[in-house]
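What follows is a single structure, written as structure tokens, with notes after it.
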There are 4 protein chains.
Amino acid sequence: MAYRAAVVGGSGYTGAELLRLLAGHPAIEVVHVTADSNAGAEVGELYPGLRPAYEGRRYVPYDVTDLAGLDVVFTALPHGASQSVVPTLIERVGHVVDLGADFRLPPATYERWYGRQHDAPALVDRFAYGLVELYRNEISAREHVAVPGCYPTAVSLALAPLLANRVVEPAGLVANAVSGVSGAGRSLQTTSLFSEANENVSAYGLLTHRHTAEMEQALSKVAEQPVDVLFTPHLVPTTRGILATCYARPADTGLSTARLLEDYRQYYASDPCVVVVDEPSGTKATYGANVVHVTVRYDTRTGTVLAIAAEDNLTKGAAGQAIQAANLVLGLPETAGLPLLGVQP
Amino acid sequence: MAYRAAVVGGSGYTGAELLRLLAGHPAIEVVHVTADSNAGAEVGELYPGLRPAYEGRRYVPYDVTDLAGLDVVFTALPHGASQSVVPTLIERVGHVVDLGADFRLPPATYERWYGRQHDAPALVDRFAYGLVELYRNEISAREHVAVPGCYPTAVSLALAPLLANRVVEPAGLVANAVSGVSGAGRSLQTTSLFSEANENVSAYGLLTHRHTAEMEQALSKVAEQPVDVLFTPHLVPTTRGILATCYARPADTGLSTARLLEDYRQYYASDPCVVVVDEPSGTKATYGANVVHVTVRYDTRTGTVLAIAAEDNLTKGAAGQAIQAANLVLGLPETAGLPLLGVQP
Amino acid sequence: MAYRAAVVGGSGYTGAELLRLLAGHPAIEVVHVTADSNAGAEVGELYPGLRPAYEGRRYVPYDVTDLAGLDVVFTALPHGASQSVVPTLIERVGHVVDLGADFRLPPATYERWYGRQHDAPALVDRFAYGLVELYRNEISAREHVAVPGCYPTAVSLALAPLLANRVVEPAGLVANAVSGVSGAGRSLQTTSLFSEANENVSAYGLLTHRHTAEMEQALSKVAEQPVDVLFTPHLVPTTRGILATCYARPADTGLSTARLLEDYRQYYASDPCVVVVDEPSGTKATYGANVVHVTVRYDTRTGTVLAIAAEDNLTKGAAGQAIQAANLVLGLPETAGLPLLGVQP
Amino acid sequence: MAYRAAVVGGSGYTGAELLRLLAGHPAIEVVHVTADSNAGAEVGELYPGLRPAYEGRRYVPYDVTDLAGLDVVFTALPHGASQSVVPTLIERVGHVVDLGADFRLPPATYERWYGRQHDAPALVDRFAYGLVELYRNEISAREHVAVPGCYPTAVSLALAPLLANRVVEPAGLVANAVSGVSGAGRSLQTTSLFSEANENVSAYGLLTHRHTAEMEQALSKVAEQPVDVLFTPHLVPTTRGILATCYARPADTGLSTARLLEDYRQYYASDPCVVVVDEPSGTKATYGANVVHVTVRYDTRTGTVLAIAAEDNLTKGAAGQAIQAANLVLGLPETAGLPLLGVQP
């Protein structure tokens, strides 16, 4: 018998990706889908590609009483909305898996990077940070999950083995990343228009992107000491895909690319959603799949370590790893319902 | 226990799509993958997205003795190559599912449109034309399948209900279609270069595209009389996706859009891979999925019937419907292993 | 000494294209640029590519008194806005060149296709329809210009020689066209988002697109009898570019592709902005250039005439031909300031 | 009277861009265009967008006697071909402007990075490195020009003011850059196929890309001491455009973004082809234009300097700056014939 689930905020892109993936999940059944401005519309009007599984299904307005007793609720809301929804929801359902930023950081850190007070600080501690590969124990020990941001997933998995093995300095890390436009969601913004984004690559959020805090949090945990990251995101003309190219200074002698690749293979040996590759994969290798492909290099000429990660920002970067973490809290196999092969070409 | 399968020509795009789909098939196992110029390479070198299922698997050169006794062999070869491979293969394996053009048409028709003699004319009759929705009986009655071309699939399914119901004239049909660049395969051609195809739409193959013959064959069968089609293909800057916009003149009075939509719903009521939609779906709704979305209109102002079909040329237009037909000849559920939801956005 | 010009509505895409082209015009100087919601912003904030010519220039709110005495005013406003602006403007400036739909059609036709009353019907007759190749005399005889829509430009120029020479039937014309996303302008619409339009082709406005009226008007003029057109527009993932693929039934015997190509070359012999080509050009050949490339075919097999036109919807389809027509009313060389070479690749 | 010019290798992308730009040059006339495998073809067959200026013009095979006496010859050949062509050419023409890599580096450096012997080492010294903004004096003092590579142009202009002003360390520079696919030229390579590059971002040439040598050469000149650069190029799905995001460690105290932006404005005050911007421009701002847009930041949190440059790799990154340098050696205004406004959107 399947676990009964809801998707709260099912009309955005991460919501739609949850619906696509959960339609094929062997042990989770979506029984309820909410939307706000799109309430009343059919799922298939917004996403005709979902019709074969959701024909006739309509978005309903959010009402916490509809969700009472469900096994798992995925909240895929605009950033900042979860902290007002979760307090009433959390006591009525088995597990909350929140895809927003609200429960990823300690309240003080949240307030510093997001520039606003947190409305439910007491609840933050009930959520595990859902980066399965680095927080598997914490996730198994908690009931609720705060799904990581798309960029921190890629950057943290690119750099984690280096910091865990203490082969690079914890200061001066540089994370240069590009993202497809779906990372900005389905909301209407000029920068998300096709005519603005197409045939264009642009840097944005220089020095201050909020995802920096998550990267530093995850990598500090791995390093067991504070790390700092300079993160520069860019927009590229793809719908999906993040590529993070990261630079670090060696803290060890005798580094070589061969040794680092071997370290990565060992570090991720038990992680079915991380693929360590000799040659850097492009983002297309991860299209629609719940995987991160990573590789690493040591440049003897300039004395720099280079680590690269590719992922689909909507799948492993959001909806896919939400399900990966939900599988853990539900006691299911980690990859249940999750495609691992990219749709390529 | 799974049926044992081979993919002959697994390094091209339809081959790669077969590998992706078959990796998730519950009852078919890929035990052998051949390639020609890429023999010796790992599958994951060409398609890193396939690594999680094919890590370490290498393309081997084609050798018919390796295939003897297999239950099903998918041949995804350059057009014209199958007719030399199939004669030795056909007696040694359970079912040949050929994705080339060689066994789709009677030899005389083949020779007229392809401008060359057929090398294995006696075998053509042993293949059913694999357009499941229109040839389900024929497929069940044969052992081998000639998978339709990508364009004929979309155009035939767009127009079939009109001709079956005799509401349009069999002459003067116009099929205006656009295709993503993957339709040209992975071979090196200037027109397939990113810098040529991007930000560009161009018509090609004016008046003479070979897929015309298949459309006329399938639609004549449905109409039970000869039909003629003027087919104009165009290249658009997408990787995947065909949209066919078709025009026909009414042969009946009292037509209306509502009635035609109802006809389509009835006609395709038992077809899980055809989605009849009120509003025309874009190709993205079919991305990576084994479905065709169709809609229809009657324009009272100009007295014209308009029918539109969207598909993924690599999935329902090639590898997906190859598996759909293979499922039939193997006695499996028609949609076994086939995703029906498009990866959207 | 240069003519003094204003661009009213300079923050949209056609406005920006006017600014780009006029910056290089030898005899027109932009002295004033207005915008509505973007008033106060620098031109270079919205379009950094325009900085070298417009550094420090700011959009100002529209005020007719600022424009008094100018030689030419280009109005590039949302559809429907010109009819309220033009009545006060028209008496104060030398020439109004309007890029909206308001003055393209007789009021009765306008009201039928646009579903609203025209607010300045008495002024419509003072505007010439600015399709230079077909209305050169009318433009020279009027002071003001209504610049054609993007689709009607391509479709009318594709079909005009056929109708002028009476080689095709005036009924049953089919115009199947695709457009880049910039045709929808810079306004915020879900369908214009990158993630919706990318890797997607979709038909829209089935049977009822308003540009149909313009095509029928222009082609009826050329044919000297009423024509009807079924027009089906599609959205493709390019920023710029329209490709119109048109179908007509022959009204003459003895047609051949060679004869039709020769007809086209004669018909457009004096038109520097029409390029007749043997092989169909892709839209990229017109990128950023004030040209239409056209070709034609006669299919003896099905008895159908096929005509294809490619253009850049922002240049020849809007801002470029606005300048082309302005050149005529100002007595300048037709192509002054207008690039004719596409930016290719 | 115009200078008489030839384009040697006019069928590739940089050759086509030269033809496009030179068609609008007020003082240079293209009298001869060669190609190798495309000899005999019309320019307009390969690039229909060039037809209005080159109708009927055919590529001819290279023959040095055809070029004797020309004022300027642009050689746009595959890398490595110039060194065999130039020795016989250089004495017969006024100026050679070579777009290949052969004359950009001292022979020893060339041999180290390109892994082959130089066939004309004695001629290297007769070429000035054509990065006008940093080598203006050298270019005016030489007769011949080696046009910089596309990446080194962007990276060098991004970082030059920092090194000239000695505000950053010369070691540990990181240049992370993305390029559109046209940077790989029109030659047939799998990685340049639309279906491979579209919806994909991938890193390549890790640690060893040959353009590193040019960056280090240009920046060492500016710094007046050796610098080292770790350069990581990436392929993005655009036709044109390079965005270089560069990182450096401060060598000075009291840095601030405001001060650095002011430094950049002063440094490039006399450079019409460099646009210093407060907010980072996307590559689209430079589409088809001979400009680089640059900006800079100082991150107090991590103590890092960030500099970003955007350019069109075919224009300022190749053909445009070739003409910019040719203008200098011919004594023409630096920007003669060069568009500075990007085609945007």
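Residues are referred to by chain and number: the chain letter is A, B, ... according to the order shown in the structure tokens, the number counts from 1 in that chain, and ligands are numbered separately from 1 in the order shown.
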Compute the set of chain D residues within 9 Å of chain B, using only C-alpha atoms, and express it as a VMD selection string.
chain D and resid 180 to 182 185 to 199 237 to 240
To test your reading of the structure, identify every residue in stretch 52-260 of chain B that backbone DSSP assigns to alpha helix (DSSP H), and report it as an MDAnalysis selection string.
chainID B and resid 52:54 64:67 82:89 107:114 132:141 150:164 194:197 211:223 257:260
Contacts of C:Val277 within 7 Å, only C-alpha atoms, excl. fewer than 3 positions in-chain, as an mmCIF file with N, CA and C atoms, in the first residue's frame:
```cif
data_model
loop_
_atom_site.group_PDB
_atom_site.id
_atom_site.type_symbol
_atom_site.label_atom_id
_atom_site.label_comp_id
_atom_site.auth_asym_id
_atom_site.auth_seq_id
_atom_site.Cartn_x
_atom_site.Cartn_y
_atom_site.Cartn_z
ATOM 1 N N PRO C 280 15.660 27.622 -50.213
ATOM 2 C CA PRO C 280 15.043 28.408 -49.140
ATOM 3 C C PRO C 280 16.045 28.822 -48.073
ATOM 4 N N HIS C 293 13.872 37.101 -47.452
ATOM 5 C CA HIS C 293 14.330 36.140 -48.464
ATOM 6 C C HIS C 293 13.128 35.297 -48.875
ATOM 7 N N VAL C 294 12.884 35.161 -50.166
ATOM 8 C CA VAL C 294 11.730 34.386 -50.631
ATOM 9 C C VAL C 294 12.151 33.369 -51.683
ATOM 10 N N THR C 295 11.416 32.249 -51.678
ATOM 11 C CA THR C 295 11.561 31.294 -52.768
ATOM 12 C C THR C 295 10.204 30.667 -53.039
#
```
Residue contacts of B:Val227 (8 Å, only C-alpha atoms) excluding same-chain residues fewer than 4 positions away, as a ChimeraX atom specification
/B:170-171,173,216,219-220,223
When you count only C-alpha atoms, which of these residues is closest to A:Glu138: A:Ala120, A:Leu328, A:Leu306, A:Val85?
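Among the listed residues, A:Leu328 lies closest to A:Glu138.
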Just to confirm, what's the straight-line distance from atom CA of B:Gly317 to atom CA of A:Glu311 in Å (one decimal)?
27.3 Å
